[in-house]
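Student: Here it is, the structure, as structure tokens.
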Amino acid sequence: MMAENDVAPVDVHVRGLSHVYRTPEGPITVIDGLDLDVIGPAHVAVTGPSGAGKSTLLAVLGGLDRAQEGSITVGGIDVTSLSGDDLARYRRDTVGFVFQHYGLLGTCTALENVELALSFTGGPTRLRRARALELLDAVGLSARASHRPASLSGGEAQRVAVARALANRPRLILADEPTGNLDDDSTERILELLHALPRDVGCTLITVTHNRAVADRADRRLQLRNGRLVDESAPSRKGVA
Amino acid sequence: MSWRDAFALARRSVYRRLGRAVLTILAVTLAAALLTSLLVLAGAARTRVLNQLSKGGPLAGIQVAAAAPNLGQLDRDSPQPGPPKPLDDVALRRIRALRGVASVIAVEQAPIVVIPPTRIPRALQAVASRKPGTIQTTMIGTELQDASKLPISIISGRLPAPNAQTEVAVTETFLQRYGIGKRDAATVVGMQLEIGSPRKYAFGNVRVRGRWTKQTIVGVVAQQAANGEVLTGASSVEAARSWTAGGEQIGDSIGPDSSPYAGLFVIAAGLDQIGPVRSRITQVGYSTSAPENLINSVQRYLHVIEIVLSGIGVIALVIAGLGITNAMLASVRERRREIGVLKAIGARDRDVRHVFLLEAGLLGLAGGLLGTVGGWGIARTLGSVVNRYLSHQGLVGVQVGMPAVVALGGIVGATVLALLAGTVPAQRAAGLPARQAMGDE
Ligand SMILES: Nc1ncnc2c1ncn2[C@@H]1O[C@H](COP(=O)(O)OP(=O)(O)O)[C@@H](O)[C@H]1O
Ligand SMILES: [Mg+2]
């Protein structure tokens with residue numbers, strides 16, 4: 001799809017990350033002294049049973065949640081030190097999210113959903129529109145530009161979401177169960193789309209999944225167990241630090 | 001995110017949930033309609049009253065009595081007049097020429113003898129407690145085209161037609177002669193009276209001859225224009241008067257009143273002219289009365305009424321505002337994930353706040369626009385009801401117009417209130433954690 005590598009590769013370094021949810025029933029330690037090193041561009045899959053803390057890890061990496069303990073650097077940015085507008089800028093410029101539920105705004109068309117991500121960086125409307133159309137074209141959905149999410153299939157909606165995630169040329173793509181709601185054909189299509197990104201665009205992709213087939217596509221497979229990551233992939237493969 | 005982009009998002013959001021937004025908008029619409037219609041009507045009433053005060057009409061009039069001024073009571077609205085002093089054409093011309101005088105309506109008078117019919121209408125018979133014999137009284141007359149400027153109001157029936165020679169209206173004093181009150185005023189309408197103008201001849205003994213005409217009572221009025229029981233057009237009174245004046249002056253029992261005019265009604269060029277004109281008339285030498293102090297109180301009361309009415313409208317708007325707050329809080333709760341997604345793709349807290357504020361503002365704007373239009377419609381409708389009543393009373397109708405200030409105030413007021421109502425939900429939305437994007441249930 002994208003012809004040239006258009007972003008600089010990014011490295012992810014996590015040290016001693018811990019995350020505890022305080023609930024009325026008592027604290028739940030979800031992440032417990034986790035370390036992670038990814039040299040980009042790479043495709044890393046994180047597996048683990050439901051409730052293992054995979055989404056929590058992605059949230060903290062992507063700046064959706066503040067790290068409680070430990071340090072995270074993404075492309076030299078000390079994510080743990082960011083807050084407020086700086087954190088918003090980090091999410092806008094450095095990270096692209098793909099959610100299991102697509103996360104499209106039902107009130108906007110496919111094109112408007114992609115444009116929305118571009119609206120946070122400003123710039124002329126005309127250029128934004130052109131870029132959004134280009135992105136939709138890249139995921140094979142230019143014919144559906146004026147459709148609202150309700151009239152798209154799950155696979156199509158997720159492709160719009162991928163286009164939106166790529167809008168601001170992020171160096172780190174975080175996908176949380178991106179195929180969790182999709183049938184086999186759509187899953188295959190999304191996987192191809194995502195998997196090609198590190199090679200074509202140069203970004204680093206971290207996919208959370210409990211689907212073995214999905215995990216097998218990655219350069220490197222990690223399992224989240226007892227709050228830490230265990231490397232399950234062959235040591236020689238790409239992306240291993 | 002620019003305001004324009006935030007607005008586009010808010011607009012889409014309102015538009016796509018229009019069904020739900022309609023209820024919220026409706027509440028704002030009703031409140032804004034209430035506020036603007038109250039203000040429009042209060043404004044119409046105020047303009048009407050002020051017009052009356054400033055451009056003629058009973059309240060702006062200065063009554064000039066056929067009497068000298070009482071120098072001790074010049075600052076009173078209705079001073080006790082001094083000794084009687086004839087009000088003639090010379091005085092009328094002098095007063096008409098005074099600075100600050102817009103127009104002068106003369107009220108003429110003539111002594112008359114009234115012979116009521118022997119057979120009285122059945123309806124009157126049923127309520128009358130007595131029956132008068134021959135009545136000696138005064139007939140007053142004026143150019144009835146100008147009647148609306150005089151302190152005359154119709155209790156029943158109508159005023160005599162301006163040039164009719166056989167139509168009269170009677171006052172409450174006449175009703176008292178039958179022992180009936182205002183409530184039964186309608187029973188004398190349609191009755192025929194024999195009205196005679198007396199003329200005295202002195203051939204040894206004093207003899208009286210009348211010039212008799214048959215007159216129909218077409219209405220009953222309450223009036224403070226001058227003393228007199230029978231009201232008719234100026235020409236009828238002049239005719240009666242000249243007949244009487246053709247007789248001889250013997251004593252003053254029935255002869256023509258020494259003053260041709262019972263009084264004058266002077267209309268000042270403006271509200272602020274009432275005082276100066278009064279003192280000029282005093283210099284000419286006549287007693288005046290005018291509701292100067294009353295006018296000031298009326299203006300104050302009008303203002304109080306406006307404050308009260310807008311208070312009611314504002315309360316309605318506040319309630320509508322609470323409705324907006326409530327609806328938007330529910331909306332924020334429902335859209336937690338969407339808000340999280342906005343933040344995940346780069347929205348700052350303030351971007352989210354702006355979107356929700358604009359959404360509230362849009363609801364307010366829509367309600368304000370619809371409500372102002374609706375309020376105008378309501379005011380027009382009520383205005384035409386009021387006008388029907390006024391014209392029935394022989395009065396000029398009110399002009400119901402939508403002043404730009406009220407229209408703008410209704411729209412801007414509703415929008416600002418909605419923005420205020422939206423601050424809490426917008427703040428709550430802005431404060432939601434970005435983590436909501438992951439959609440944990
Ligand atoms: N906001 C929260 N408050 C309390 N507990 C939470 C919260 N979010 C997640 N958890 C708990 O933390 C654990 C890990 O959740 P999550 O990261 O979503 O796991 P996964 O994505 O691997 O299924 C779960 O047991 C979940 O119930
Ligand atoms: Mg999860």
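Residue numbering restarts at 1 for every chain of the structure tokens, chains are lettered A, B, ... in their displayed order, and ligands are numbered from 1 as they appear.
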Extract the full set of strand (DSSP E or B) residues from stretch 30-223 of chain A according to DSSP on the backbone, and format it as number ranges by chain.

Tutor: A: 30-38, 43-47, 69-74, 77-78, 95-98, 172-176, 204-208, 220-223

Student: May I have the residues of chain A within 8 Å of chain B, counting only C-alpha atoms, written as number ranges by chain?

Tutor: A: 55, 59, 64-65, 84-85, 88-93, 96-97, 99, 103-105, 107-108, 117, 119-122, 165

Student: Return as a PyMOL selection string the full set of residues in stretch 64-134 of chain A whose backbone-based DSSP assignment is alpha helix (DSSP H).

Tutor: chain A and resi 84-93+110-119+125-134

Student: What's around B:Ala290 at 10 Å? Count only C-alpha atoms, leave out sequence neighbours fewer than 3 positions away in its own chain, and write the answer as a list in words.

Tutor: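 Close residues of B:Ala290: Pro58, Leu59, Ala60, Gly61, Ile62, Gln63, Val64, Arg76, Asp77, Ser78, Pro79, Phe265, Val266, Ile274, Gly275, Arg278, Asn293, Leu294 and Ile295 of chain B.
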
Student: Could you write out that same residue set with C-alpha atoms as an mmCIF file, in the first residue's frame?

Tutor:
data_model
loop_
_atom_site.group_PDB
_atom_site.id
_atom_site.type_symbol
_atom_site.label_atom_id
_atom_site.label_comp_id
_atom_site.auth_asym_id
_atom_site.auth_seq_id
_atom_site.Cartn_x
_atom_site.Cartn_y
_atom_site.Cartn_z
ATOM 1 C CA PRO B 58 -56.729 61.351 27.889
ATOM 2 C CA LEU B 59 -53.541 61.027 29.908
ATOM 3 C CA ALA B 60 -51.615 63.611 27.937
ATOM 4 C CA GLY B 61 -54.482 66.061 28.064
ATOM 5 C CA ILE B 62 -54.694 69.148 30.199
ATOM 6 C CA GLN B 63 -58.199 69.968 31.252
ATOM 7 C CA VAL B 64 -58.944 73.661 31.281
ATOM 8 C CA ARG B 76 -51.558 69.651 42.133
ATOM 9 C CA ASP B 77 -52.758 67.298 39.420
ATOM 10 C CA SER B 78 -56.385 68.273 40.091
ATOM 11 C CA PRO B 79 -56.497 71.552 41.942
ATOM 12 C CA PHE B 265 -59.006 69.736 26.453
ATOM 13 C CA VAL B 266 -55.469 70.809 25.639
ATOM 14 C CA ILE B 274 -47.408 69.175 30.064
ATOM 15 C CA GLY B 275 -45.906 71.169 32.926
ATOM 16 C CA ARG B 278 -50.074 74.201 32.248
ATOM 17 C CA ASN B 293 -47.928 63.036 38.961
ATOM 18 C CA LEU B 294 -50.005 60.117 37.774
ATOM 19 C CA ILE B 295 -47.937 59.858 34.591
#

Student: Name the closest residue to B:Trp212 among the candidates B:Val188, B:Ile112, B:Ala161, B:Leu417; distances are taken between atoms, counting only C-alpha atoms.

Tutor: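 Ranking B:Val188, B:Ile112, B:Ala161, B:Leu417 by distance to B:Trp212, first place goes to B:Ile112.
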
Student: Which one of A:Gly227, A:Gly180, A:Gly53, A:Gly154 sits closest to ligand 2 if you count only C-alpha atoms and all ligand atoms?

Tutor: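 Smallest distance to ligand 2 is found for A:Gly53.
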
Student: Excluding A:Ala215 and its own-chain neighbours fewer than 6 positions away, which residues fall within 10 Å of it when counting only C-alpha atoms? Please give them as a ChimeraX atom specification.

Tutor: /A:43-47,191,207-209,221-223,233

Student: To one decimal in Å, tell me the separation between atom CA of A:Thr80 and atom CA of A:Leu229.

Tutor: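 Calculated distance between atom CA of A:Thr80 and atom CA of A:Leu229 is 19.4 Å.
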
Student: Work out how far apart atom CA of A:Ile190 and atom CA of A:Asp219 are and give it in Å to one decimal.

Tutor: 16.5 Å

Student: May I ask you to write as a ChimeraX atom specification all residues lying at most 7 Å from ligand 1, with only C-alpha atoms and all ligand atoms counted?

Tutor: /A:21-23,28,30,48-57 /B:440

Student: Would you list the contacts of stretch 215-226 of chain B as a tab-separated table (two decimals) with all heavy atoms, in the first residue's frame, taking every protein, DNA or RNA residue within 7 Å and counting only C-alpha atoms, but skipping same-chain residues closer than 5 positions in sequence?

Tutor:
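The resulting file, around37.tsv, is shown below:
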chain	number	residue	atom	x	y	z
B	150	LEU	N	-60.31	62.18	24.42
B	150	LEU	CA	-60.93	62.72	25.63
B	150	LEU	C	-61.10	61.61	26.67
B	150	LEU	O	-61.14	60.44	26.33
B	150	LEU	CB	-62.30	63.30	25.28
B	150	LEU	CG	-62.29	64.57	24.42
B	150	LEU	CD1	-63.68	64.89	23.94
B	150	LEU	CD2	-61.72	65.74	25.22
B	151	PRO	N	-61.20	62.01	27.91
B	151	PRO	CA	-61.43	60.99	28.95
B	151	PRO	C	-62.87	60.49	28.93
B	151	PRO	O	-63.65	60.77	29.82
B	151	PRO	CB	-61.08	61.73	30.25
B	151	PRO	CG	-61.26	63.17	29.94
B	151	PRO	CD	-61.01	63.34	28.48
B	152	ILE	N	-63.20	59.79	27.85
B	152	ILE	CA	-64.55	59.23	27.71
B	152	ILE	C	-64.39	57.74	27.47
B	152	ILE	O	-63.63	57.34	26.60
B	152	ILE	CB	-65.28	59.85	26.49
B	152	ILE	CG1	-65.47	61.35	26.69
B	152	ILE	CG2	-66.63	59.16	26.26
B	152	ILE	CD1	-66.02	62.05	25.45
B	153	SER	N	-65.09	56.91	28.25
B	153	SER	CA	-65.07	55.50	27.91
B	153	SER	C	-66.48	54.96	27.86
B	153	SER	O	-67.37	55.43	28.57
B	153	SER	CB	-64.21	54.71	28.91
B	153	SER	OG	-64.68	54.94	30.20
B	154	ILE	N	-66.66	54.01	26.94
B	154	ILE	CA	-68.01	53.51	26.68
B	154	ILE	C	-68.36	52.41	27.66
B	154	ILE	O	-67.59	51.46	27.84
B	154	ILE	CB	-68.10	53.01	25.23
B	154	ILE	CG1	-67.87	54.17	24.28
B	154	ILE	CG2	-69.44	52.34	24.96
B	154	ILE	CD1	-67.65	53.75	22.84
B	155	ILE	N	-69.49	52.55	28.29
B	155	ILE	CA	-69.96	51.49	29.21
B	155	ILE	C	-70.86	50.54	28.44
B	155	ILE	O	-70.83	49.33	28.62
B	155	ILE	CB	-70.71	52.11	30.40
B	155	ILE	CG1	-69.76	52.98	31.23
B	155	ILE	CG2	-71.34	51.03	31.27
B	155	ILE	CD1	-70.46	53.80	32.28
B	156	SER	N	-71.68	51.09	27.58
B	156	SER	CA	-72.60	50.26	26.80
B	156	SER	C	-72.92	50.98	25.50
B	156	SER	O	-72.86	52.21	25.44
B	156	SER	CB	-73.87	50.01	27.62
B	156	SER	OG	-74.74	49.17	26.90
B	157	GLY	N	-73.24	50.22	24.46
B	157	GLY	CA	-73.60	50.83	23.18
B	157	GLY	C	-72.40	51.49	22.53
B	157	GLY	O	-71.30	50.94	22.56
B	158	ARG	N	-72.59	52.67	21.97
B	158	ARG	CA	-71.52	53.34	21.25
B	158	ARG	C	-71.67	54.84	21.41
B	158	ARG	O	-72.63	55.32	22.01
B	158	ARG	CB	-71.58	52.96	19.77
B	158	ARG	CG	-72.91	53.33	19.11
B	158	ARG	CD	-72.91	53.09	17.60
B	158	ARG	NE	-74.24	53.29	17.04
B	158	ARG	CZ	-74.72	54.47	16.67
B	158	ARG	NH1	-73.99	55.58	16.83
B	158	ARG	NH2	-75.94	54.58	16.17
B	159	LEU	N	-70.73	55.57	20.82
B	159	LEU	CA	-70.83	57.02	20.82
B	159	LEU	C	-71.76	57.45	19.69
B	159	LEU	O	-71.91	56.73	18.71
B	159	LEU	CB	-69.45	57.64	20.60
B	159	LEU	CG	-68.46	57.55	21.76
B	159	LEU	CD1	-67.12	58.12	21.32
B	159	LEU	CD2	-68.98	58.31	22.98
B	160	PRO	N	-72.39	58.63	19.82
B	160	PRO	CA	-73.19	59.13	18.70
B	160	PRO	C	-72.29	59.30	17.49
B	160	PRO	O	-71.10	59.60	17.63
B	160	PRO	CB	-73.68	60.50	19.19
B	160	PRO	CG	-73.56	60.46	20.67
B	160	PRO	CD	-72.42	59.53	20.98
B	166	THR	N	-79.61	63.22	15.77
B	166	THR	CA	-80.64	62.60	16.61
B	166	THR	C	-80.09	61.50	17.50
B	166	THR	O	-80.81	60.64	17.95
B	166	THR	CB	-81.75	62.00	15.74
B	166	THR	OG1	-81.14	61.03	14.87
B	166	THR	CG2	-82.46	63.05	14.91
B	167	GLU	N	-78.78	61.54	17.72
B	167	GLU	CA	-78.19	60.52	18.58
B	167	GLU	C	-77.50	61.17	19.76
B	167	GLU	O	-76.77	62.15	19.60
B	167	GLU	CB	-77.16	59.68	17.80
B	167	GLU	CG	-77.79	58.82	16.72
B	167	GLU	CD	-76.79	57.93	15.99
B	167	GLU	OE1	-75.57	58.11	16.20
B	167	GLU	OE2	-77.23	57.07	15.23
B	168	VAL	N	-77.70	60.59	20.93
B	168	VAL	CA	-76.99	61.08	22.12
B	168	VAL	C	-76.47	59.89	22.91
B	168	VAL	O	-76.92	58.76	22.74
B	168	VAL	CB	-77.90	61.92	23.05
B	168	VAL	CG1	-78.34	63.21	22.38
B	168	VAL	CG2	-79.09	61.10	23.53
B	169	ALA	N	-75.49	60.19	23.77
B	169	ALA	CA	-75.09	59.22	24.77
B	169	ALA	C	-75.39	59.84	26.12
B	169	ALA	O	-75.42	61.06	26.24
B	169	ALA	CB	-73.60	58.91	24.65
B	170	VAL	N	-75.66	58.99	27.09
B	170	VAL	CA	-75.95	59.53	28.42
B	170	VAL	C	-74.87	59.05	29.39
B	170	VAL	O	-74.14	58.10	29.11
B	170	VAL	CB	-77.35	59.10	28.92
B	170	VAL	CG1	-78.43	59.72	28.06
B	170	VAL	CG2	-77.45	57.58	28.95
B	171	THR	N	-74.79	59.71	30.54
B	171	THR	CA	-73.77	59.34	31.52
B	171	THR	C	-74.41	58.56	32.67
B	171	THR	O	-75.64	58.38	32.71
B	171	THR	CB	-73.08	60.58	32.08
B	171	THR	OG1	-74.03	61.33	32.82
B	171	THR	CG2	-72.48	61.42	30.96
B	172	GLU	N	-73.56	58.19	33.59
B	172	GLU	CA	-74.04	57.42	34.74
B	172	GLU	C	-75.08	58.19	35.56
B	172	GLU	O	-75.96	57.58	36.18
B	172	GLU	CB	-72.85	57.04	35.62
B	172	GLU	CG	-71.99	55.97	34.98
B	172	GLU	CD	-70.69	55.79	35.74
B	172	GLU	OE1	-69.72	56.52	35.42
B	172	GLU	OE2	-70.66	54.94	36.64
B	185	ALA	N	-76.68	49.22	32.29
B	185	ALA	CA	-76.60	50.34	31.36
B	185	ALA	C	-77.26	50.03	30.02
B	185	ALA	O	-77.89	50.89	29.41
B	185	ALA	CB	-75.15	50.75	31.15
B	189	VAL	N	-80.20	51.87	26.41
B	189	VAL	CA	-79.77	52.08	25.03
B	189	VAL	C	-80.95	51.78	24.11
B	189	VAL	O	-81.61	50.77	24.25
B	189	VAL	CB	-78.56	51.18	24.69
B	189	VAL	CG1	-78.21	51.29	23.21
B	189	VAL	CG2	-77.37	51.55	25.55
B	190	GLY	N	-81.20	52.71	23.20
B	190	GLY	CA	-82.32	52.54	22.27
B	190	GLY	C	-83.53	53.36	22.69
B	190	GLY	O	-84.46	53.55	21.90
B	191	MET	N	-83.51	53.87	23.93
B	191	MET	CA	-84.65	54.65	24.41
B	191	MET	C	-84.66	56.01	23.72
B	191	MET	O	-83.62	56.56	23.38
B	191	MET	CB	-84.49	54.83	25.92
B	191	MET	CG	-85.76	55.15	26.64
B	191	MET	SD	-85.58	54.75	28.39
B	191	MET	CE	-84.66	56.14	28.95
B	192	GLN	N	-85.84	56.57	23.53
B	192	GLN	CA	-85.93	57.88	22.89
B	192	GLN	C	-86.25	58.95	23.92
B	192	GLN	O	-87.07	58.76	24.82
B	192	GLN	CB	-87.03	57.86	21.84
B	192	GLN	CG	-86.61	57.06	20.62
B	192	GLN	CD	-87.30	57.54	19.38
B	192	GLN	OE1	-88.47	57.92	19.42
B	192	GLN	NE2	-86.58	57.55	18.28
B	193	LEU	N	-85.57	60.09	23.78
B	193	LEU	CA	-85.77	61.19	24.71
B	193	LEU	C	-86.27	62.40	23.94
B	193	LEU	O	-85.87	62.63	22.80
B	193	LEU	CB	-84.45	61.56	25.40
B	193	LEU	CG	-83.72	60.48	26.19
B	193	LEU	CD1	-82.38	61.01	26.67
B	193	LEU	CD2	-84.56	60.01	27.37
B	194	GLU	N	-87.13	63.18	24.59
B	194	GLU	CA	-87.50	64.49	24.04
B	194	GLU	C	-86.57	65.48	24.70
B	194	GLU	O	-86.53	65.60	25.92
B	194	GLU	CB	-88.95	64.84	24.44
B	194	GLU	CG	-89.98	63.89	23.90
B	194	GLU	CD	-90.49	64.31	22.53
B	194	GLU	OE1	-90.02	65.35	22.01
B	194	GLU	OE2	-91.35	63.60	21.98
B	195	ILE	N	-85.77	66.15	23.88
B	195	ILE	CA	-84.83	67.11	24.46
B	195	ILE	C	-85.18	68.51	23.97
B	195	ILE	O	-85.31	68.75	22.76
B	195	ILE	CB	-83.39	66.73	24.09
B	195	ILE	CG1	-83.03	65.40	24.75
B	195	ILE	CG2	-82.41	67.84	24.53
B	195	ILE	CD1	-81.62	64.95	24.54
B	262	ALA	N	-67.75	74.45	28.22
B	262	ALA	CA	-67.72	73.85	29.56
B	262	ALA	C	-66.27	73.66	29.98
B	262	ALA	O	-65.94	73.67	31.16
B	262	ALA	CB	-68.42	72.50	29.54
B	263	GLY	N	-65.43	73.44	29.01
B	263	GLY	CA	-64.03	73.24	29.31
B	263	GLY	C	-63.27	73.00	28.02
B	263	GLY	O	-63.86	72.88	26.95

Student: So that I can check the surroundings of B:Leu38, please list as a list of chain:residue names every protein, DNA and RNA residue that reaches within 9 Å of it, counting only C-alpha atoms and ignoring chain neighbours fewer than 5 positions away.

Tutor: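 Final neighbour list, sorted by chain and number: B:Ala33, B:Gly43, B:Glu306, B:Leu309, B:Ser310, B:Ile312, B:Gly313, B:Gly375, B:Ala379.
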
Student: As an exercise, work out the distance from atom CA of B:Glu238 to atom CA of B:Thr282 in Å and give it to one decimal place.

Tutor: 27.0 Å

Student: Find the residues around A:Gln158 up to 9 Å (only C-alpha atoms counted), leave out those fewer than 3 positions away in its own chain, and share them as JSON, numbers by chain.

Tutor: {"A": [98, 99, 100, 101, 102, 103, 104, 153, 154, 155, 161, 162, 163, 178, 179, 182, 186, 190]}

Student: My list of candidates is A:Leu58, A:Ile173, A:Leu82, A:Val201. Which is closest to ligand 2 when distances are computed with only C-alpha atoms and all ligand atoms?

Tutor: A:Leu58

Student: Counting only C-alpha atoms and all ligand atoms, which of A:Asp185, A:Val214, A:Asp176, A:Arg129 gets nearest to ligand 2?

Tutor: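 Closest to ligand 2, using only C-alpha atoms and all ligand atoms: A:Asp176.
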
Student: Nearest to ligand 2: which of A:Ala175, A:Ala110, A:Val74, A:Arg189 is it, counting only C-alpha atoms and all ligand atoms?

Tutor: A:Ala175
